[in-house]
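This is protein.txt (compact mmCIF, C-alpha atoms).
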# COMPACT_ATOMS: atom_id res chain seq x y z
CA MET A 1 80.10 100.07 89.00
CA THR A 2 82.51 98.43 91.41
CA ASN A 3 81.88 98.20 95.14
CA ILE A 4 85.53 97.79 96.06
CA THR A 5 88.37 100.27 96.50
CA ILE A 6 91.87 99.79 97.87
CA LEU A 7 92.59 101.08 101.37
CA LYS A 8 95.44 103.59 101.60
CA ASP A 9 96.11 102.65 105.22
CA ARG A 10 96.01 98.90 104.51
CA PRO A 11 97.88 98.36 101.22
CA GLY A 12 96.50 95.46 99.25
CA VAL A 13 93.39 95.11 101.40
CA PRO A 14 90.22 95.99 99.51
CA ARG A 15 87.47 97.92 101.24
CA LEU A 16 83.86 97.92 100.23
CA SER A 17 82.23 101.03 98.83
CA LEU A 18 78.70 101.11 100.16
CA PRO A 19 76.03 101.80 97.53
CA GLY A 20 74.18 104.04 99.99
CA LEU A 21 73.04 104.42 103.57
CA ILE A 22 70.63 101.52 103.09
CA VAL A 23 71.79 98.21 101.60
CA THR A 24 69.83 95.19 100.41
CA PRO A 25 70.31 91.54 101.37
CA ASP A 26 71.39 90.84 97.77
CA TRP A 27 74.23 93.33 98.16
CA LEU A 28 75.32 92.22 101.62
CA VAL A 29 75.38 88.48 100.95
CA GLN A 30 78.09 89.02 98.33
CA TYR A 31 80.50 90.47 100.89
CA LEU A 32 79.92 88.52 104.10
CA ASP A 33 83.53 87.30 104.14
CA HIS A 34 85.06 90.65 103.27
CA PRO A 35 87.88 91.58 105.68
CA THR A 36 86.71 95.16 106.28
CA LEU A 37 83.03 94.36 106.86
CA ARG A 38 81.70 94.69 110.41
CA LEU A 39 78.15 93.50 111.05
CA LEU A 40 76.22 94.73 114.09
CA ASP A 41 73.04 92.95 115.21
CA VAL A 42 70.88 95.28 117.33
CA ARG A 43 68.31 92.71 118.41
CA PRO A 44 67.92 91.34 121.95
CA PRO A 45 70.58 88.82 123.07
CA GLU A 46 68.08 85.96 123.09
CA SER A 47 67.16 86.64 119.45
CA TYR A 48 70.85 86.76 118.52
CA ASP A 49 71.49 83.48 120.33
CA GLU A 50 68.71 81.78 118.39
CA GLY A 51 70.28 82.85 115.11
CA HIS A 52 71.99 85.72 113.32
CA ILE A 53 73.88 86.62 110.15
CA PRO A 54 77.33 84.97 110.16
CA GLY A 55 80.00 87.37 111.40
CA ALA A 56 77.55 89.64 113.24
CA SER A 57 78.25 90.95 116.74
CA GLN A 58 75.31 91.46 119.08
CA VAL A 59 74.93 95.03 120.31
CA ASP A 60 72.62 96.25 123.04
CA LEU A 61 71.58 99.78 122.09
CA ALA A 62 71.66 100.70 125.78
CA ILE A 63 75.44 100.29 125.99
CA LEU A 64 75.82 103.22 123.60
CA THR A 65 73.75 105.56 125.75
CA CYS A 66 74.05 107.13 129.17
CA THR A 67 72.36 109.64 131.48
CA VAL A 68 73.52 113.24 131.10
CA ASN A 69 72.32 115.88 133.57
CA GLY A 70 69.43 113.65 134.57
CA VAL A 71 68.37 112.90 130.99
CA PRO A 72 68.60 109.18 130.11
CA GLY A 73 69.23 107.76 126.66
CA MET A 74 71.85 110.30 125.61
CA LEU A 75 74.76 109.36 123.35
CA LEU A 76 77.90 108.19 125.11
CA SER A 77 80.84 110.52 125.54
CA PRO A 78 83.50 110.29 122.80
CA ALA A 79 85.89 108.21 124.90
CA LEU A 80 83.26 105.71 126.03
CA PHE A 81 81.80 105.43 122.54
CA ALA A 82 85.26 104.79 121.09
CA ALA A 83 85.81 102.06 123.66
CA GLN A 84 82.59 100.28 122.70
CA MET A 85 83.30 100.51 118.96
CA SER A 86 86.84 99.28 119.51
CA ARG A 87 85.49 96.30 121.46
CA LEU A 88 83.20 95.53 118.52
CA GLY A 89 86.11 95.53 116.10
CA VAL A 90 85.21 98.80 114.40
CA ASP A 91 87.91 101.22 113.28
CA GLN A 92 88.24 103.88 110.58
CA ALA A 93 88.88 101.23 107.91
CA SER A 94 85.69 99.33 108.72
CA VAL A 95 82.57 99.23 106.62
CA VAL A 96 79.73 98.84 109.14
CA VAL A 97 76.36 97.31 108.29
CA ILE A 98 73.72 97.29 111.02
CA TYR A 99 70.46 95.36 111.21
CA ASP A 100 67.57 94.75 113.59
CA ASP A 101 63.99 93.44 113.49
CA ASN A 102 62.16 96.77 113.75
CA TRP A 103 62.29 98.39 110.29
CA GLY A 104 65.80 99.66 110.96
CA MET A 105 64.90 102.00 113.81
CA PRO A 106 67.48 100.93 116.44
CA ALA A 107 69.99 100.31 113.65
CA ALA A 108 69.48 103.89 112.48
CA ARG A 109 70.30 105.15 115.96
CA ILE A 110 73.70 103.46 115.80
CA LEU A 111 74.25 104.71 112.24
CA TRP A 112 73.57 108.26 113.45
CA SER A 113 75.84 107.78 116.47
CA LEU A 114 78.70 106.68 114.23
CA ALA A 115 78.13 109.62 111.87
CA ARG A 116 78.06 112.04 114.78
CA TYR A 117 81.48 110.72 115.82
CA GLY A 118 82.93 110.91 112.33
CA HIS A 119 82.40 107.45 110.86
CA THR A 120 80.12 107.62 107.83
CA ASN A 121 81.10 104.40 106.08
CA VAL A 122 78.02 102.73 107.52
CA ALA A 123 74.66 101.48 106.31
CA VAL A 124 71.46 99.82 107.54
CA LEU A 125 70.31 96.50 106.11
CA THR A 126 66.82 96.97 104.72
CA GLY A 127 64.39 94.31 105.88
CA GLY A 128 66.68 93.38 108.75
CA SER A 129 66.75 89.86 110.11
CA ASP A 130 63.17 89.17 109.00
CA ARG A 131 63.74 89.70 105.30
CA TRP A 132 67.15 88.01 105.49
CA GLN A 133 65.59 84.84 106.88
CA GLU A 134 62.62 85.10 104.54
CA GLU A 135 65.07 84.99 101.62
CA ASP A 136 66.80 81.92 103.15
CA LEU A 137 70.21 83.57 103.31
CA PRO A 138 73.12 82.38 105.53
CA TRP A 139 72.13 82.09 109.19
CA THR A 140 73.91 80.67 112.22
CA SER A 141 73.58 80.27 115.97
CA GLU A 142 77.36 80.23 116.48
CA PRO A 143 78.41 83.33 118.46
CA PHE A 144 80.90 85.67 116.83
CA LEU A 145 83.70 87.28 118.80
CA PRO A 146 85.19 90.26 116.95
CA THR A 147 88.88 91.08 117.04
CA PRO A 148 89.25 94.32 119.03
CA ALA A 149 90.22 97.38 117.01
CA HIS A 150 91.09 101.01 117.70
CA PHE A 151 88.24 103.37 116.92
CA ILE A 152 89.20 107.04 116.70
CA VAL A 153 86.48 109.59 117.41
CA GLN A 154 86.30 112.56 115.04
CA PRO A 155 83.21 114.51 116.19
CA ASP A 156 81.10 116.02 113.42
CA ASP A 157 78.67 118.60 114.78
CA ASP A 158 76.76 118.75 111.49
CA HIS A 159 74.83 115.64 112.57
CA ILE A 160 73.63 116.80 115.98
CA ALA A 161 71.41 119.61 117.25
CA ALA A 162 72.40 120.53 120.80
CA PRO A 163 69.82 122.57 122.76
CA THR A 164 72.09 125.62 122.84
CA TRP A 165 72.41 125.44 119.06
CA LEU A 166 68.65 124.99 118.69
CA LEU A 167 67.80 128.01 120.79
CA ARG A 168 70.05 130.17 118.62
CA GLN A 169 68.70 128.81 115.33
CA MET A 170 64.95 128.38 115.92
CA ASP A 171 63.92 131.61 114.18
CA ARG A 172 65.65 130.74 110.92
CA SER A 173 63.27 130.53 107.96
CA ASP A 174 65.23 127.64 106.44
CA LEU A 175 65.17 125.50 109.60
CA VAL A 176 62.54 122.77 110.03
CA LEU A 177 61.92 121.05 113.36
CA LEU A 178 60.38 117.66 112.64
CA ASP A 179 58.58 115.85 115.46
CA THR A 180 58.58 112.11 114.66
CA ARG A 181 56.46 110.95 117.60
CA THR A 182 52.83 109.82 117.50
CA PRO A 183 50.04 112.36 116.92
CA GLY A 184 48.97 112.01 120.56
CA GLU A 185 52.44 112.81 121.86
CA TYR A 186 52.71 115.80 119.55
CA ILE A 187 49.35 117.24 120.64
CA GLN A 188 50.34 117.01 124.31
CA GLY A 189 53.35 119.25 123.65
CA HIS A 190 56.14 119.81 121.16
CA LEU A 191 59.01 122.11 120.32
CA PRO A 192 57.82 125.56 119.21
CA GLY A 193 56.99 125.63 115.51
CA ALA A 194 57.71 121.94 114.99
CA LEU A 195 55.99 120.09 112.16
CA HIS A 196 54.61 116.63 112.87
CA TRP A 197 55.51 113.54 110.85
CA ASP A 198 55.26 110.19 112.64
CA TRP A 199 58.39 108.14 111.86
CA MET A 200 56.16 105.23 110.88
CA ASN A 201 54.99 107.27 107.89
CA GLY A 202 58.34 106.38 106.40
CA ILE A 203 57.85 102.61 106.42
CA SER A 204 55.36 100.18 104.94
CA LEU A 205 53.58 97.94 107.43
CA GLU A 206 53.09 95.46 104.59
CA GLY A 207 56.77 94.53 104.52
CA TRP A 208 60.08 94.67 106.38
CA ASP A 209 61.87 97.34 104.35
CA THR A 210 63.48 100.27 106.14
CA MET A 211 61.69 102.86 104.02
CA ARG A 212 58.84 103.25 101.55
CA PRO A 213 59.53 104.08 97.86
CA ALA A 214 61.62 107.23 97.63
CA GLU A 215 59.48 109.23 95.20
CA ALA A 216 56.30 108.89 97.27
CA LEU A 217 58.20 110.01 100.36
CA ARG A 218 59.67 113.04 98.60
CA VAL A 219 56.20 114.19 97.53
CA GLU A 220 54.71 113.64 100.98
CA LEU A 221 57.51 115.48 102.74
CA ALA A 222 57.48 118.36 100.27
CA ASP A 223 53.74 118.81 100.82
CA LEU A 224 54.50 119.14 104.52
CA GLY A 225 57.20 121.74 103.87
CA VAL A 226 60.16 119.44 104.45
CA THR A 227 62.31 120.13 101.40
CA PRO A 228 66.00 119.44 100.60
CA ASP A 229 66.91 123.13 100.55
CA LYS A 230 66.18 123.40 104.28
CA GLU A 231 68.06 122.24 107.34
CA ILE A 232 66.06 119.59 109.17
CA VAL A 233 66.23 118.74 112.86
CA THR A 234 64.46 115.51 113.78
CA TYR A 235 63.42 114.66 117.31
CA CYS A 236 61.14 112.25 119.17
CA HIS A 237 60.99 111.27 122.85
CA SER A 238 64.61 110.20 123.32
CA GLY A 239 66.22 110.31 119.89
CA VAL A 240 65.69 106.78 118.53
CA ARG A 241 62.67 107.26 116.27
CA ALA A 242 64.21 110.56 115.18
CA ALA A 243 67.31 108.67 114.03
CA HIS A 244 65.19 106.58 111.66
CA THR A 245 63.81 109.73 110.03
CA TYR A 246 67.36 111.13 109.92
CA LEU A 247 68.41 108.01 108.00
CA LEU A 248 65.41 108.28 105.69
CA LEU A 249 66.04 111.96 104.88
CA ARG A 250 69.76 111.46 104.33
CA SER A 251 68.95 108.52 102.04
CA LEU A 252 66.60 110.76 100.05
CA GLY A 253 69.41 113.24 99.45
CA TYR A 254 68.66 115.80 102.18
CA SER A 255 72.18 117.03 102.91
CA ARG A 256 71.51 119.01 106.10
CA VAL A 257 69.84 116.79 108.69
CA ARG A 258 70.53 116.70 112.42
CA VAL A 259 69.12 114.72 115.34
CA TYR A 260 68.24 116.45 118.59
CA ASP A 261 69.73 113.79 120.85
CA GLY A 262 67.90 114.72 124.05
CA SER A 263 64.67 115.25 122.11
CA TRP A 264 61.40 115.91 123.96
CA LEU A 265 62.67 114.19 127.09
CA GLU A 266 65.43 116.75 127.57
CA TRP A 267 63.37 119.67 126.29
CA SER A 268 60.47 119.02 128.64
CA MET A 269 62.73 118.29 131.63
CA LYS A 270 65.22 121.11 131.18
CA ILE A 271 64.62 123.64 128.43
CA MET A 272 60.94 124.40 129.01
CA LYS A 273 61.81 125.61 132.48
CA GLU A 274 64.26 128.10 131.01
CA VAL A 275 62.33 129.32 127.95
CA SER A 276 58.90 130.96 128.15
CA ILE A 277 57.31 129.68 124.91
CA ASP A 278 53.98 128.00 124.23
CA HIS A 279 54.83 124.38 123.49
CA LYS A 280 51.41 123.45 122.12
CA THR A 281 51.44 125.78 119.12

Transcribe the structure of this file into structure tokens.
Amino acid sequence: MTNITILKDRPGVPRLSLPGLIVTPDWLVQYLDHPTLRLLDVRPPESYDEGHIPGASQVDLAILTCTVNGVPGMLLSPALFAAQMSRLGVDQASVVVIYDDNWGMPAARILWSLARYGHTNVAVLTGGSDRWQEEDLPWTSEPFLPTPAHFIVQPDDDHIAAPTWLLRQMDRSDLVLLDTRTPGEYIQGHLPGALHWDWMNGISLEGWDTMRPAEALRVELADLGVTPDKEIVTYCHSGVRAAHTYLLLRSLGYSRVRVYDGSWLEWSMKIMKEVSIDHKT
């Protein structure tokens, strides 16, 4: 099966077809010089300066977030997000691959952000920088300056659960709220009716891969009541860990998955004051 198609908006320029939302180093190394590939490195600047995958731009996750109504860590507005993506050389023709050094968690947050704003031609590199270096693949300390592009925002509400939407939908029998924080955080308080599944259940601490074997995860999630026929809303403290579980579920074939961007931070600061519900049951 080929990984290349021809772009309609750039005649003669091939574009990669991603094999999925998670790609391997073996796949990526074949296409490092491809003209439509955009690599985003979500590690700290000092780590990037010491070495990175050739052609990767360093991205601070914080530049893609802002404070909204007193809640920090929220996704940027469409215009500001478009400006940041344009600066990074990302447009609608780009194939974006993101990596980090934390099992793909911050990378997943950017993947979700792009999907929320209409760009789904994006994947996370499994194993991140650790596995890449372990496999002795191309590595450089030369900084990369992307050519600015023009990113067009096309918001897709199917990827986000706003609090107003949540309050209207919470009684649905086919809706699952999935709390991806630690057990201690969950016990202290959670969204009404939320199931608990620590995001780290999705990874193996014995390696760098973004997710554990798919079949084992499907069985574990099904036993919890998280099944593909339901709509899943993931949340954590501020929406980053929840994005990793979003990526995992989408990769497993769950077609209806949303992230509650404000997560527990917004709910506990704002919504709990407005809704009289027991948040420990």

query: Could you state the separation of CA of Thr245 in chain A and CA of Tyr48 in chain A in Å, given to one decimal place?
result: 25.5 Å

message: Excluding Gly104 in chain A and its own-chain neighbours fewer than 4 positions away, which residues fall within 6 Å of it when counting all atoms listed in the file? Please give them as a list in words.
response: Asp100, Ala108 and Thr210 of chain A

task: Quick one: residues within 12 Å of (77.5, 97.2, 107.7) (file frame), counting only C-alpha atoms, please, as a ChimeraX atom specification.
output: /A:15-25,27-29,31-32,34-42,53,55-57,90,94-100,107-108,110-111,114,119-126,128

- prompt: Quick one: of A:Trp139, A:Tyr246, A:Trp112, A:Tyr235, who's nearest to Leu191 in chain A, counting all atoms listed in the file?
  reply: A:Tyr235

Could the centre and edge lengths of an axis-aligned box, enclosing all atoms of range 44-49 of chain A in the file with 6 Å extra on each side, be given in Å to one decimal as AutoDock Vina command-line options?
--center_x 69.3 --center_y 87.4 --center_z 120.8 --size_x 16.3 --size_y 19.9 --size_z 16.6

- prompt: What gap, in Å, lies between CA of Gly239 in chain A and CA of Ser263 in chain A?
  reply: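 Straight-line distance from CA of Gly239 in chain A to CA of Ser263 in chain A works out to 5.6 Å.
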
- prompt: To one decimal place, how far is CA of Gln169 in chain A from CA of Arg256 in chain A in Å?
  reply: 13.8 Å

Residue among A:Gly51, A:Pro155, A:Pro106, A:Pro44 lying closest to Pro78 in chain A, counting all atoms listed in the file: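 With all atoms listed in the file as the atom set, the closest residue is A:Pro155.
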
message: Quick one: residues within 10 Å of Gln84 in chain A, only C-alpha atoms, excluding same-chain residues fewer than 2 positions away - as a PyMOL selection string?
response: chain A and resi 59+63-64+76+79-82+86-90+148-151

query: What's the 12 Å shell around Glu274 in chain A, counting only C-alpha atoms, without same-chain residues fewer than 4 positions away, as number ranges by chain?
result: A: 163-164, 167, 266-270

- request: Step by step: start from the point (78.1, 76.9, 117.7) in the file's coordinates, keep every protein, DNA or RNA residue that has an atom no farther than 12 Å from it, count all atoms listed in the file, and write the set as an MDAnalysis selection string.
  value: chainID A and resid 49:52 54 139:145

- request: Choose the residue, out of A:Gly225, A:Asp33, A:Arg109, A:Asp156, that has the smallest atom-to-atom separation from Ala62 in chain A; count only C-alpha atoms.
  value: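 For Ala62 in chain A, the nearest of the given residues is A:Arg109.
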
field: Residue with smallest distance to His237 in chain A - pool A:Leu178, A:Leu166, A:Val68, A:Leu265, counting all atoms listed in the file
entry: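 For His237 in chain A, the nearest of the candidates is A:Leu265.
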
- prompt: Taking into account all atoms listed in the file, which residue in the set A:Ser113, A:Arg241, A:Arg131, A:Arg181 is nearest to Asp26 in chain A?
  reply: A:Arg131

task: Measuring atom to atom with only C-alpha atoms, identify which of A:Cys66, A:Ala83, A:Leu247, A:Leu61 is nearest to Ile152 in chain A.
output: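 When distances to Ile152 in chain A are compared using only C-alpha atoms, the smallest one comes from A:Ala83.
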
message: Can you tell me which residues surround range 219-222 of chain A at a distance of at most 12 Å, considering only C-alpha atoms, apart from same-chain residues fewer than 4 positions away, and format the answer as a ChimeraX atom specification?
response: /A:176,178,195-199,201-202,212-215,226-230,232,245,248-249,252,254

Write a file of the selected residues as a PDB file, in the frame of the given file, keeping C-alpha atoms.
ATOM      1  CA  VAL A 176      62.540 122.770 110.030  1.00  0.00           C
ATOM      2  CA  LEU A 178      60.380 117.660 112.640  1.00  0.00           C
ATOM      3  CA  LEU A 195      55.990 120.090 112.160  1.00  0.00           C
ATOM      4  CA  HIS A 196      54.610 116.630 112.870  1.00  0.00           C
ATOM      5  CA  TRP A 197      55.510 113.540 110.850  1.00  0.00           C
ATOM      6  CA  ASP A 198      55.260 110.190 112.640  1.00  0.00           C
ATOM      7  CA  TRP A 199      58.390 108.140 111.860  1.00  0.00           C
ATOM      8  CA  ASN A 201      54.990 107.270 107.890  1.00  0.00           C
ATOM      9  CA  GLY A 202      58.340 106.380 106.400  1.00  0.00           C
ATOM     10  CA  ARG A 212      58.840 103.250 101.550  1.00  0.00           C
ATOM     11  CA  PRO A 213      59.530 104.080  97.860  1.00  0.00           C
ATOM     12  CA  ALA A 214      61.620 107.230  97.630  1.00  0.00           C
ATOM     13  CA  GLU A 215      59.480 109.230  95.200  1.00  0.00           C
ATOM     14  CA  VAL A 226      60.160 119.440 104.450  1.00  0.00           C
ATOM     15  CA  THR A 227      62.310 120.130 101.400  1.00  0.00           C
ATOM     16  CA  PRO A 228      66.000 119.440 100.600  1.00  0.00           C
ATOM     17  CA  ASP A 229      66.910 123.130 100.550  1.00  0.00           C
ATOM     18  CA  LYS A 230      66.180 123.400 104.280  1.00  0.00           C
ATOM     19  CA  ILE A 232      66.060 119.590 109.170  1.00  0.00           C
ATOM     20  CA  THR A 245      63.810 109.730 110.030  1.00  0.00           C
ATOM     21  CA  LEU A 248      65.410 108.280 105.690  1.00  0.00           C
ATOM     22  CA  LEU A 249      66.040 111.960 104.880  1.00  0.00           C
ATOM     23  CA  LEU A 252      66.600 110.760 100.050  1.00  0.00           C
ATOM     24  CA  TYR A 254      68.660 115.800 102.180  1.00  0.00           C
TER      25      TYR A 254
END
